[in-house]
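Enquirer: coords.cif is reproduced below (mmCIF, C-alpha atoms and all ligand atoms).
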```cif
data_data
loop_
_atom_site.label_atom_id
_atom_site.label_comp_id
_atom_site.auth_asym_id
_atom_site.auth_seq_id
_atom_site.Cartn_x
_atom_site.Cartn_y
_atom_site.Cartn_z
CA MET A 907 39.84 -11.01 -8.80
CA ARG A 908 40.65 -8.03 -6.66
CA ILE A 909 37.93 -6.06 -8.37
CA LEU A 910 35.37 -8.79 -7.61
CA LYS A 911 36.42 -8.89 -3.95
CA GLN A 912 36.08 -5.18 -3.77
CA ARG A 913 32.63 -5.34 -5.31
CA LEU A 914 31.47 -8.06 -2.93
CA SER A 915 32.77 -6.26 0.08
CA ALA A 916 31.12 -3.12 -1.23
CA PHE A 917 27.77 -4.97 -1.09
CA PRO A 918 26.57 -4.15 2.42
CA LEU A 919 25.75 -7.19 4.49
CA LYS A 920 22.60 -5.60 5.88
CA THR A 921 21.21 -5.10 2.37
CA LEU A 922 21.99 -8.71 1.52
CA ILE A 923 20.15 -10.00 4.60
CA LEU A 924 17.19 -7.76 3.88
CA PHE A 925 17.09 -8.99 0.28
CA LEU A 926 17.15 -12.66 1.32
CA LEU A 927 14.46 -12.02 3.88
CA LEU A 928 12.22 -10.31 1.34
CA ALA A 929 12.80 -13.06 -1.19
CA HIS A 930 11.83 -15.59 1.45
CA ILE A 931 8.61 -13.73 2.29
CA VAL A 932 7.67 -13.37 -1.38
CA LEU A 933 8.25 -17.06 -2.02
CA LEU A 934 6.17 -18.11 0.97
CA TRP A 935 3.36 -15.63 0.38
CA PRO A 936 0.12 -17.42 -0.47
CA LEU A 937 -0.61 -16.45 -4.03
CA PRO A 938 -4.17 -16.28 -5.40
CA ALA A 939 -4.86 -19.38 -7.50
CA LEU A 940 -3.38 -18.69 -10.92
CA ALA A 941 -5.07 -19.83 -14.11
CA ALA A 942 -2.31 -22.40 -14.48
CA ASP A 943 -3.25 -23.99 -11.14
CA LYS A 944 -6.91 -24.35 -11.96
CA ILE A 945 -8.50 -27.55 -13.17
CA LYS A 946 -9.06 -27.09 -16.88
CA VAL A 947 -12.49 -28.43 -17.81
CA VAL A 948 -13.88 -28.69 -21.33
CA THR A 949 -17.61 -29.31 -21.71
CA SER A 950 -19.68 -30.12 -24.78
CA LEU A 951 -22.49 -27.73 -23.82
CA GLU A 952 -22.77 -24.43 -22.02
CA ASP A 953 -25.28 -25.88 -19.54
CA LEU A 954 -22.64 -28.33 -18.34
CA ALA A 955 -20.12 -25.49 -18.23
CA ALA A 956 -22.50 -23.42 -16.08
CA ILE A 957 -23.02 -26.28 -13.60
CA THR A 958 -19.26 -27.04 -13.54
CA ARG A 959 -18.57 -23.39 -12.71
CA ALA A 960 -21.16 -23.51 -9.94
CA VAL A 961 -19.71 -26.61 -8.24
CA GLY A 962 -16.06 -25.98 -9.16
CA GLY A 963 -16.01 -22.36 -7.95
CA ASP A 964 -12.58 -20.75 -8.15
CA LYS A 965 -10.81 -24.08 -8.58
CA VAL A 966 -11.88 -24.54 -12.19
CA GLU A 967 -11.41 -22.89 -15.55
CA VAL A 968 -14.18 -24.00 -17.91
CA PHE A 969 -14.52 -23.87 -21.68
CA SER A 970 -17.56 -25.06 -23.60
CA ILE A 971 -17.10 -26.28 -27.18
CA GLY A 972 -20.78 -26.09 -28.10
CA LYS A 973 -22.48 -22.73 -27.73
CA GLY A 974 -26.06 -22.29 -26.57
CA TYR A 975 -27.14 -20.85 -29.91
CA GLN A 976 -25.89 -23.89 -31.85
CA ASN A 977 -27.72 -27.14 -32.50
CA PRO A 978 -26.03 -29.41 -29.93
CA HIS A 979 -26.29 -32.42 -32.25
CA PHE A 980 -24.23 -30.72 -34.95
CA VAL A 981 -21.33 -28.60 -33.68
CA PRO A 982 -18.80 -27.87 -36.45
CA PRO A 983 -15.27 -28.95 -35.44
CA LYS A 984 -12.41 -26.44 -35.16
CA PRO A 985 -8.66 -27.03 -34.62
CA SER A 986 -8.84 -24.77 -31.54
CA PHE A 987 -11.19 -27.28 -29.87
CA ILE A 988 -8.54 -30.00 -30.22
CA LEU A 989 -6.02 -27.70 -28.53
CA LYS A 990 -8.45 -27.03 -25.68
CA LEU A 991 -8.96 -30.78 -25.22
CA LYS A 992 -5.22 -31.39 -25.38
CA GLY A 993 -4.69 -29.16 -22.35
CA ALA A 994 -7.80 -30.31 -20.46
CA ASP A 995 -7.75 -32.10 -17.09
CA MET A 996 -11.39 -33.08 -17.43
CA VAL A 997 -14.07 -33.33 -20.10
CA VAL A 998 -17.83 -33.37 -19.46
CA GLN A 999 -20.30 -34.64 -22.04
CA VAL A 1000 -24.11 -34.87 -22.11
CA GLY A 1001 -23.86 -38.41 -23.47
CA MET A 1002 -26.80 -40.56 -24.67
CA GLY A 1003 -25.50 -39.95 -28.20
CA LEU A 1004 -26.18 -36.20 -28.17
CA GLU A 1005 -22.74 -35.13 -29.33
CA PRO A 1006 -21.30 -37.53 -31.93
CA TRP A 1007 -18.89 -34.73 -32.92
CA LEU A 1008 -17.04 -34.85 -29.58
CA GLN A 1009 -15.33 -38.25 -29.82
CA PRO A 1010 -13.31 -37.47 -33.00
CA LEU A 1011 -12.09 -34.22 -31.38
CA MET A 1012 -11.08 -36.10 -28.22
CA ASP A 1013 -9.26 -38.75 -30.28
CA SER A 1014 -7.37 -36.01 -32.14
CA SER A 1015 -6.33 -34.39 -28.85
CA ARG A 1016 -4.42 -37.60 -27.90
CA ASN A 1017 -4.98 -36.58 -24.27
CA SER A 1018 -5.51 -39.93 -22.58
CA ARG A 1019 -6.33 -38.23 -19.24
CA ILE A 1020 -9.77 -37.36 -20.62
CA PHE A 1021 -10.47 -40.53 -22.59
CA ARG A 1022 -13.56 -42.55 -21.71
CA GLY A 1023 -12.81 -44.55 -18.56
CA SER A 1024 -10.02 -42.21 -17.42
CA PRO A 1025 -10.43 -40.15 -14.21
CA GLY A 1026 -10.89 -36.97 -16.27
CA PHE A 1027 -13.88 -38.26 -18.28
CA VAL A 1028 -17.39 -37.38 -17.08
CA ASP A 1029 -20.64 -38.53 -18.67
CA ALA A 1030 -23.21 -36.24 -17.06
CA SER A 1031 -26.11 -38.58 -17.92
CA VAL A 1032 -25.16 -41.31 -15.41
CA GLY A 1033 -28.17 -41.92 -13.14
CA VAL A 1034 -30.52 -39.58 -15.02
CA PRO A 1035 -33.99 -41.14 -15.44
CA ALA A 1036 -34.00 -41.18 -19.25
CA LEU A 1037 -37.08 -40.59 -21.39
CA GLY A 1038 -37.72 -41.97 -24.86
CA VAL A 1039 -35.37 -44.92 -24.59
CA PRO A 1040 -36.19 -46.98 -27.69
CA VAL A 1041 -37.37 -50.52 -27.33
CA GLY A 1042 -36.02 -52.96 -29.89
CA ARG A 1043 -33.68 -52.27 -32.76
CA VAL A 1044 -32.29 -48.78 -33.29
CA ASP A 1045 -31.92 -47.81 -36.92
CA ARG A 1046 -29.78 -44.73 -37.37
CA SER A 1047 -30.33 -44.80 -41.13
CA MET A 1048 -33.63 -43.09 -40.31
CA GLY A 1049 -31.56 -40.13 -39.16
CA ASP A 1050 -32.72 -40.50 -35.58
CA VAL A 1051 -30.31 -38.55 -33.38
CA HIS A 1052 -32.07 -39.84 -30.26
CA GLY A 1053 -31.16 -43.49 -30.77
CA LEU A 1054 -30.15 -44.00 -27.12
CA GLY A 1055 -33.15 -42.20 -25.62
CA ASN A 1056 -33.87 -38.51 -25.44
CA PRO A 1057 -30.63 -36.72 -24.49
CA HIS A 1058 -32.14 -33.26 -23.75
CA TYR A 1059 -32.39 -34.09 -20.04
CA TRP A 1060 -30.76 -30.86 -18.75
CA LEU A 1061 -34.07 -29.16 -19.57
CA ASP A 1062 -35.59 -30.57 -16.39
CA PRO A 1063 -33.90 -28.62 -13.57
CA VAL A 1064 -34.37 -31.59 -11.22
CA ASN A 1065 -31.86 -33.51 -13.36
CA ALA A 1066 -29.17 -31.01 -12.35
CA LYS A 1067 -29.01 -33.10 -9.18
CA TYR A 1068 -27.51 -35.99 -11.19
CA ILE A 1069 -25.49 -33.77 -13.53
CA SER A 1070 -23.83 -31.94 -10.62
CA ALA A 1071 -23.15 -35.23 -8.79
CA ASN A 1072 -21.37 -36.64 -11.86
CA ILE A 1073 -19.34 -33.46 -12.31
CA VAL A 1074 -18.33 -33.38 -8.63
CA SER A 1075 -17.27 -37.06 -8.83
CA GLY A 1076 -15.03 -36.14 -11.78
CA LEU A 1077 -13.55 -33.10 -10.02
CA LYS A 1078 -12.81 -35.22 -6.94
CA ARG A 1079 -11.04 -37.83 -9.07
CA VAL A 1080 -8.90 -35.15 -10.70
CA ASP A 1081 -8.33 -33.09 -7.53
CA PRO A 1082 -9.04 -35.22 -4.41
CA ALA A 1083 -7.53 -32.59 -2.09
CA ASP A 1084 -10.39 -30.18 -2.85
CA GLY A 1085 -13.13 -32.82 -2.55
CA ALA A 1086 -14.80 -31.22 0.48
CA TYR A 1087 -14.87 -27.85 -1.28
CA PHE A 1088 -16.62 -29.31 -4.36
CA GLU A 1089 -19.19 -31.09 -2.17
CA GLN A 1090 -19.86 -27.88 -0.29
CA GLN A 1091 -20.24 -25.90 -3.53
CA ARG A 1092 -22.70 -28.53 -4.80
CA GLN A 1093 -24.81 -28.23 -1.66
CA ILE A 1094 -24.98 -24.44 -2.14
CA PHE A 1095 -25.98 -24.99 -5.80
CA LEU A 1096 -28.66 -27.57 -4.92
CA LYS A 1097 -30.11 -25.38 -2.19
CA ARG A 1098 -30.44 -22.49 -4.60
CA LEU A 1099 -31.89 -24.83 -7.23
CA ALA A 1100 -34.54 -26.13 -4.81
CA GLY A 1101 -35.59 -22.58 -3.98
CA LYS A 1102 -35.76 -21.60 -7.64
CA LEU A 1103 -37.69 -24.77 -8.53
CA THR A 1104 -40.47 -23.97 -6.09
CA GLY A 1105 -40.82 -20.57 -7.76
CA TRP A 1106 -40.70 -21.99 -11.29
CA VAL A 1107 -43.38 -24.63 -10.62
CA LYS A 1108 -45.63 -21.95 -9.16
CA GLN A 1109 -44.93 -19.63 -12.07
CA ALA A 1110 -45.71 -22.43 -14.56
CA LYS A 1111 -49.26 -23.03 -13.22
CA PRO A 1112 -50.90 -21.32 -16.24
CA LEU A 1113 -48.98 -23.71 -18.53
CA GLN A 1114 -50.56 -26.83 -17.00
CA GLY A 1115 -52.11 -28.99 -19.72
CA LEU A 1116 -51.30 -26.46 -22.45
CA HIS A 1117 -51.18 -28.13 -25.87
CA VAL A 1118 -47.95 -27.32 -27.69
CA VAL A 1119 -46.04 -28.48 -30.75
CA THR A 1120 -42.25 -28.49 -30.65
CA TYR A 1121 -39.92 -28.27 -33.63
CA HIS A 1122 -37.43 -30.86 -32.37
CA GLN A 1123 -38.01 -33.42 -29.63
CA SER A 1124 -35.97 -31.29 -27.20
CA TRP A 1125 -38.65 -30.60 -24.64
CA PRO A 1126 -40.09 -33.81 -23.09
CA TYR A 1127 -38.18 -33.35 -19.80
CA PHE A 1128 -39.17 -29.68 -19.61
CA ALA A 1129 -42.79 -30.50 -20.51
CA ASN A 1130 -42.96 -33.20 -17.83
CA ARG A 1131 -41.66 -30.89 -15.14
CA PHE A 1132 -43.87 -27.90 -16.00
CA GLY A 1133 -47.03 -29.66 -17.18
CA LEU A 1134 -47.04 -28.89 -20.92
CA ASN A 1135 -48.69 -31.38 -23.27
CA VAL A 1136 -46.59 -31.91 -26.42
CA VAL A 1137 -48.96 -33.10 -29.18
CA GLY A 1138 -46.71 -33.01 -32.24
CA PHE A 1139 -43.39 -32.15 -33.83
CA ILE A 1140 -42.39 -30.08 -36.84
CA GLU A 1141 -39.55 -32.54 -37.60
CA PRO A 1142 -40.75 -35.92 -38.86
CA GLN A 1143 -37.83 -37.55 -36.98
CA PRO A 1144 -35.32 -35.91 -34.63
CA GLY A 1145 -32.64 -34.39 -36.85
CA ILE A 1146 -34.62 -34.68 -40.12
CA PRO A 1147 -35.91 -31.39 -41.56
CA PRO A 1148 -39.60 -31.48 -42.53
CA SER A 1149 -40.60 -31.84 -46.17
CA ALA A 1150 -43.55 -29.92 -47.63
CA LYS A 1151 -45.39 -33.24 -47.92
CA TYR A 1152 -44.85 -34.09 -44.26
CA LEU A 1153 -46.09 -30.65 -43.16
CA ALA A 1154 -49.16 -30.92 -45.40
CA GLY A 1155 -50.00 -34.15 -43.60
CA LEU A 1156 -49.23 -32.74 -40.14
CA ILE A 1157 -51.53 -29.70 -40.32
CA PRO A 1158 -54.89 -31.56 -40.46
CA LYS A 1159 -53.74 -33.78 -37.56
CA LEU A 1160 -53.08 -30.70 -35.41
CA LYS A 1161 -56.14 -28.64 -36.40
CA ASN A 1162 -58.51 -29.96 -33.74
CA GLN A 1163 -55.90 -30.25 -31.02
CA ASN A 1164 -56.24 -26.71 -29.69
CA VAL A 1165 -52.49 -26.07 -30.03
CA LYS A 1166 -51.57 -22.69 -28.53
CA LEU A 1167 -47.83 -22.55 -29.06
CA ILE A 1168 -45.14 -23.93 -31.36
CA ILE A 1169 -41.83 -24.01 -29.50
CA MET A 1170 -38.64 -23.86 -31.53
CA GLU A 1171 -34.94 -23.29 -30.94
CA PRO A 1172 -33.18 -20.25 -32.41
CA TYR A 1173 -31.13 -22.39 -34.83
CA PHE A 1174 -34.04 -23.93 -36.75
CA ASN A 1175 -35.60 -22.45 -39.86
CA ARG A 1176 -38.64 -20.44 -38.82
CA GLN A 1177 -40.45 -20.86 -42.12
CA SER A 1178 -41.94 -24.29 -41.44
CA ALA A 1179 -42.96 -23.37 -37.89
CA ASP A 1180 -44.58 -20.12 -39.09
CA MET A 1181 -46.44 -21.93 -41.84
CA VAL A 1182 -47.90 -24.53 -39.47
CA ALA A 1183 -48.68 -21.88 -36.83
CA LYS A 1184 -50.65 -19.84 -39.34
CA ALA A 1185 -52.57 -22.88 -40.57
CA ILE A 1186 -53.61 -24.03 -37.07
CA GLY A 1187 -53.95 -20.63 -35.34
CA ALA A 1188 -50.98 -21.02 -32.97
CA LYS A 1189 -48.07 -18.73 -32.04
CA VAL A 1190 -44.38 -19.50 -32.56
CA VAL A 1191 -42.17 -19.01 -29.50
CA VAL A 1192 -38.40 -19.14 -29.93
CA LEU A 1193 -36.86 -20.56 -26.76
CA PRO A 1194 -33.14 -20.95 -26.04
CA PRO A 1195 -32.60 -24.59 -25.09
CA SER A 1196 -29.29 -23.85 -23.39
CA VAL A 1197 -27.31 -21.33 -21.41
CA GLY A 1198 -25.93 -18.82 -23.92
CA GLY A 1199 -28.82 -19.47 -26.34
CA THR A 1200 -29.63 -15.81 -25.94
CA PRO A 1201 -27.30 -13.20 -24.38
CA GLU A 1202 -29.60 -12.73 -21.35
CA VAL A 1203 -29.17 -16.35 -20.24
CA THR A 1204 -25.77 -16.56 -18.58
CA ASP A 1205 -26.29 -19.36 -16.06
CA TYR A 1206 -28.41 -22.47 -15.46
CA PHE A 1207 -30.97 -20.67 -13.28
CA GLY A 1208 -31.35 -17.89 -15.85
CA LEU A 1209 -32.25 -20.49 -18.48
CA PHE A 1210 -35.52 -21.50 -16.78
CA ASP A 1211 -36.29 -17.93 -15.72
CA TYR A 1212 -36.09 -16.92 -19.37
CA GLN A 1213 -37.95 -19.91 -20.84
CA LEU A 1214 -40.88 -19.71 -18.45
CA SER A 1215 -41.36 -15.97 -18.78
CA ALA A 1216 -41.16 -16.23 -22.61
CA LEU A 1217 -43.87 -18.93 -22.62
CA LEU A 1218 -46.12 -17.01 -20.22
CA LYS A 1219 -45.74 -13.82 -22.23
CA ASN A 1220 -47.07 -15.63 -25.29
CA LEU A 1221 -50.17 -17.19 -23.76
ZN ZN B 1 -32.22 -33.84 -30.01
#
```
Would you encode the structure as structure tokens?
Ligand SMILES: [Zn+2]

Expert:
Amino acid sequence: MRILKQRLSAFPLKTLILFLLLAHIVLLWPLPALAADKIKVVTSLEDLAAITRAVGGDKVEVFSIGKGYQNPHFVPPKPSFILKLKGADMVVQVGMGLEPWLQPLMDSSRNSRIFRGSPGFVDASVGVPALGVPVGRVDRSMGDVHGLGNPHYWLDPVNAKYISANIVSGLKRVDPADGAYFEQQRQIFLKRLAGKLTGWVKQAKPLQGLHVVTYHQSWPYFANRFGLNVVGFIEPQPGIPPSAKYLAGLIPKLKNQNVKLIIMEPYFNRQSADMVAKAIGAKVVVLPPSVGGTPEVTDYFGLFDYQLSALLKNL
């Protein structure tokens, strides 16, 4: 006991006060937002991740399950995706049936905060003027992966207006305190988008009315915006690879259509596209349909920069 008293009294009071003061300052010091404080967002596609980063700024930490070089309809599941979803505050999907692989992963995560209808669930397609919505009965036995309309709507940059609005609504539900910040970030994003769009439309003038064939039905929104005329598809149905018989029937139909380009994504087999291109005197252009589809495309603006210059280079 005496020893303890001696030790305490040996501890100079001044030092103790200084220590407490320093501890107080350190505790009150505003720390930069740590990863743990950020809103954890998981997206199905890199395009959604890019837009979430743009509107979420330094308040979000974003992970995309699907990569831009993968077919977005068929992303192979991994246990690590379930872990990401388990720790997520928010999930963003393209919707319209694009990603049937997402729901089982979300179910396995057992994270009810991101389940459909919860504040942390965002369907980016809400409000988007959809193309190719089928009339009448939808028969998925035909292998149609576009049964709810064409889900490749992020390929019209104007649709980023709706996508970003849906994402900001989700962020505000999850983090109402930063609502004004997200709105402000979205305005900055939209302003930049409007400026870029003017340039892209101008740049796309030589593409007006150009007859093209696309491998998959990924490009109707893009074609509408930039004036391309899609006259055929290498796939007989979205998601169904072409048979030799189908291609043999397709070639004569395309021969007198003055098709200049065949547009395909990096993940499809080039053989069929090359074969048709040779038979009809067209060129094959491989275009990334998403951010990350090629290493040069790292954000949503870069996607259209890359696609348009690749098309123009091949005219
Ligand atoms: Zn598709």

Enquirer: Using all atoms listed in the file, what does the table of chain A residues within 12 Å of ligand ZN 1 (chain B) look like, with each row giving the shortest atom pair and its distance in Å to one decimal, sorted by chain and ascending number, as a tab-separated table?

Expert:
```
residue	atom	partner	partner_atom	distance
A:Gln976	CA	B:ZN1	ZN	11.9
A:Asn977	CA	B:ZN1	ZN	8.4
A:Pro978	CA	B:ZN1	ZN	7.6
A:His979	CA	B:ZN1	ZN	6.5
A:Phe980	CA	B:ZN1	ZN	9.9
A:Val1000	CA	B:ZN1	ZN	11.4
A:Gly1001	CA	B:ZN1	ZN	11.6
A:Met1002	CA	B:ZN1	ZN	10.2
A:Gly1003	CA	B:ZN1	ZN	9.3
A:Leu1004	CA	B:ZN1	ZN	6.7
A:Glu1005	CA	B:ZN1	ZN	9.6
A:Pro1006	CA	B:ZN1	ZN	11.7
A:Leu1037	CA	B:ZN1	ZN	12.0
A:Gly1038	CA	B:ZN1	ZN	11.1
A:Gly1049	CA	B:ZN1	ZN	11.1
A:Asp1050	CA	B:ZN1	ZN	8.7
A:Val1051	CA	B:ZN1	ZN	6.1
A:His1052	CA	B:ZN1	ZN	6.0
A:Gly1053	CA	B:ZN1	ZN	9.7
A:Leu1054	CA	B:ZN1	ZN	10.8
A:Gly1055	CA	B:ZN1	ZN	9.5
A:Asn1056	CA	B:ZN1	ZN	6.7
A:Pro1057	CA	B:ZN1	ZN	6.4
A:His1058	CA	B:ZN1	ZN	6.3
A:Tyr1059	CA	B:ZN1	ZN	10.0
A:Trp1060	CA	B:ZN1	ZN	11.7
A:Leu1061	CA	B:ZN1	ZN	11.6
A:Thr1120	CA	B:ZN1	ZN	11.4
A:Tyr1121	CA	B:ZN1	ZN	10.2
A:His1122	CA	B:ZN1	ZN	6.4
A:Gln1123	CA	B:ZN1	ZN	5.8
A:Ser1124	CA	B:ZN1	ZN	5.3
A:Trp1125	CA	B:ZN1	ZN	9.0
A:Pro1126	CA	B:ZN1	ZN	10.5
A:Tyr1127	CA	B:ZN1	ZN	11.8
A:Phe1139	CA	B:ZN1	ZN	11.9
A:Glu1141	CA	B:ZN1	ZN	10.6
A:Gln1143	CA	B:ZN1	ZN	9.7
A:Pro1144	CA	B:ZN1	ZN	5.9
A:Gly1145	CA	B:ZN1	ZN	6.9
A:Ile1146	CA	B:ZN1	ZN	10.4
A:Met1170	CA	B:ZN1	ZN	12.0
A:Glu1171	CA	B:ZN1	ZN	10.9
A:Pro1195	CA	B:ZN1	ZN	10.5
```

Enquirer: May I ask for the distance between atom CA of Phe1027 of chain A and atom CA of Pro1040 of chain A, given in Å to one decimal place?

Expert: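 Going from atom CA of Phe1027 of chain A over to atom CA of Pro1040 of chain A covers 25.7 Å.
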
Enquirer: Can you list, as a list in words, every protein, DNA or RNA residue that comes within 10 Å of Lys1078 of chain A when you count all atoms listed in the file, leaving out same-chain residues fewer than 3 positions away?

Expert: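 So, after excluding close chain neighbours, the residues are Pro1025, Gly1026, Asn1072, Ile1073, Val1074, Ser1075, Asp1081, Pro1082, Ala1083, Asp1084, Gly1085, Ala1086, Tyr1087, Phe1088 and Glu1089 of chain A.
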
Enquirer: Please list as a list in words every residue within 10 Å of Asn1220 of chain A, counting all atoms listed in the file and excluding residues in the same chain fewer than 6 positions away.

Expert: Lys1166, Leu1167, Lys1189, Val1190 and Val1191 of chain A

Enquirer: For Lys1219 of chain A, which residue among A:Val1032, A:Ile957, A:Ala1110, A:Leu1008 is the nearest when counting only C-alpha atoms?

Expert: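 For Lys1219 of chain A, the nearest of the candidates is A:Ala1110.
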
Enquirer: How far is it from atom CA of Ala960 of chain A to atom CA of Met1012 of chain A, in Å with one decimal?

Expert: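 Between atom CA of Ala960 of chain A and atom CA of Met1012 of chain A the gap works out to 24.4 Å.
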
Enquirer: Which of these residues is nearest to Pro1148 of chain A, using only C-alpha atoms: A:Leu1217, A:Leu1160, A:Met1181, A:Val1165?

Expert: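 Among A:Leu1217, A:Leu1160, A:Met1181, A:Val1165, it is A:Met1181 that comes nearest to Pro1148 of chain A.
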
Enquirer: Using all atoms listed in the file, can you tell me which of A:Ser1215, A:Asn1135, A:Ser970, A:Ser1196 comes closest to Leu991 of chain A?

Expert: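 Ranked by minimum distance to Leu991 of chain A, first place goes to A:Ser970.
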
Enquirer: For Lys1108 of chain A, which residue among A:Ile1186, A:Leu1214, A:Arg1092, A:Tyr1068 is the nearest when counting only C-alpha atoms?

Expert: A:Leu1214

Enquirer: Find the distance between atom CA of Phe1132 of chain A and atom CA of Ala1071 of chain A and write it in Å to one decimal.

Expert: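 Going from atom CA of Phe1132 of chain A over to atom CA of Ala1071 of chain A, I get 23.1 Å.
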
Enquirer: Which is closer to Arg959 of chain A than all the others in A:Lys1067, A:Ala1188, A:Asp1205, A:Ser1149, using all atoms listed in the file?

Expert: A:Asp1205

Enquirer: Would you mind listing what lies within 8 Å of Ile971 of chain A as a PyMOL selection string, with only C-alpha atoms counted and same-chain residues fewer than 6 positions away left out?

Expert: chain A and resi 948-952+987

Enquirer: Which residue is closest to Gly1208 of chain A? Choose from A:Arg1022, A:Lys1102, A:Lys992, A:Lys1151 and count only C-alpha atoms.

Expert: A:Lys1102

Enquirer: Show me, as a VMD selection string, the residues that have an atom within 9 Å of Leu1193 of chain A when counting only C-alpha atoms, minus same-chain residues fewer than 5 positions from it.

Expert: chain A and resid 1169 to 1172 1199 to 1200 1212 to 1213 1216 to 1217

Enquirer: Let me know the centre plus edge lengths, in Å and rounded to one decimal, of a box with edges along x, y and z that contains all listed atoms of segment 1142-1155 of chain A and is padded by 5 Å on every side, as lines of an AutoDock Vina configuration file.

Expert:
```
center_x = -41.3
center_y = -33.7
center_z = -41.3
size_x = 27.4
size_y = 17.6
size_z = 23.3
```
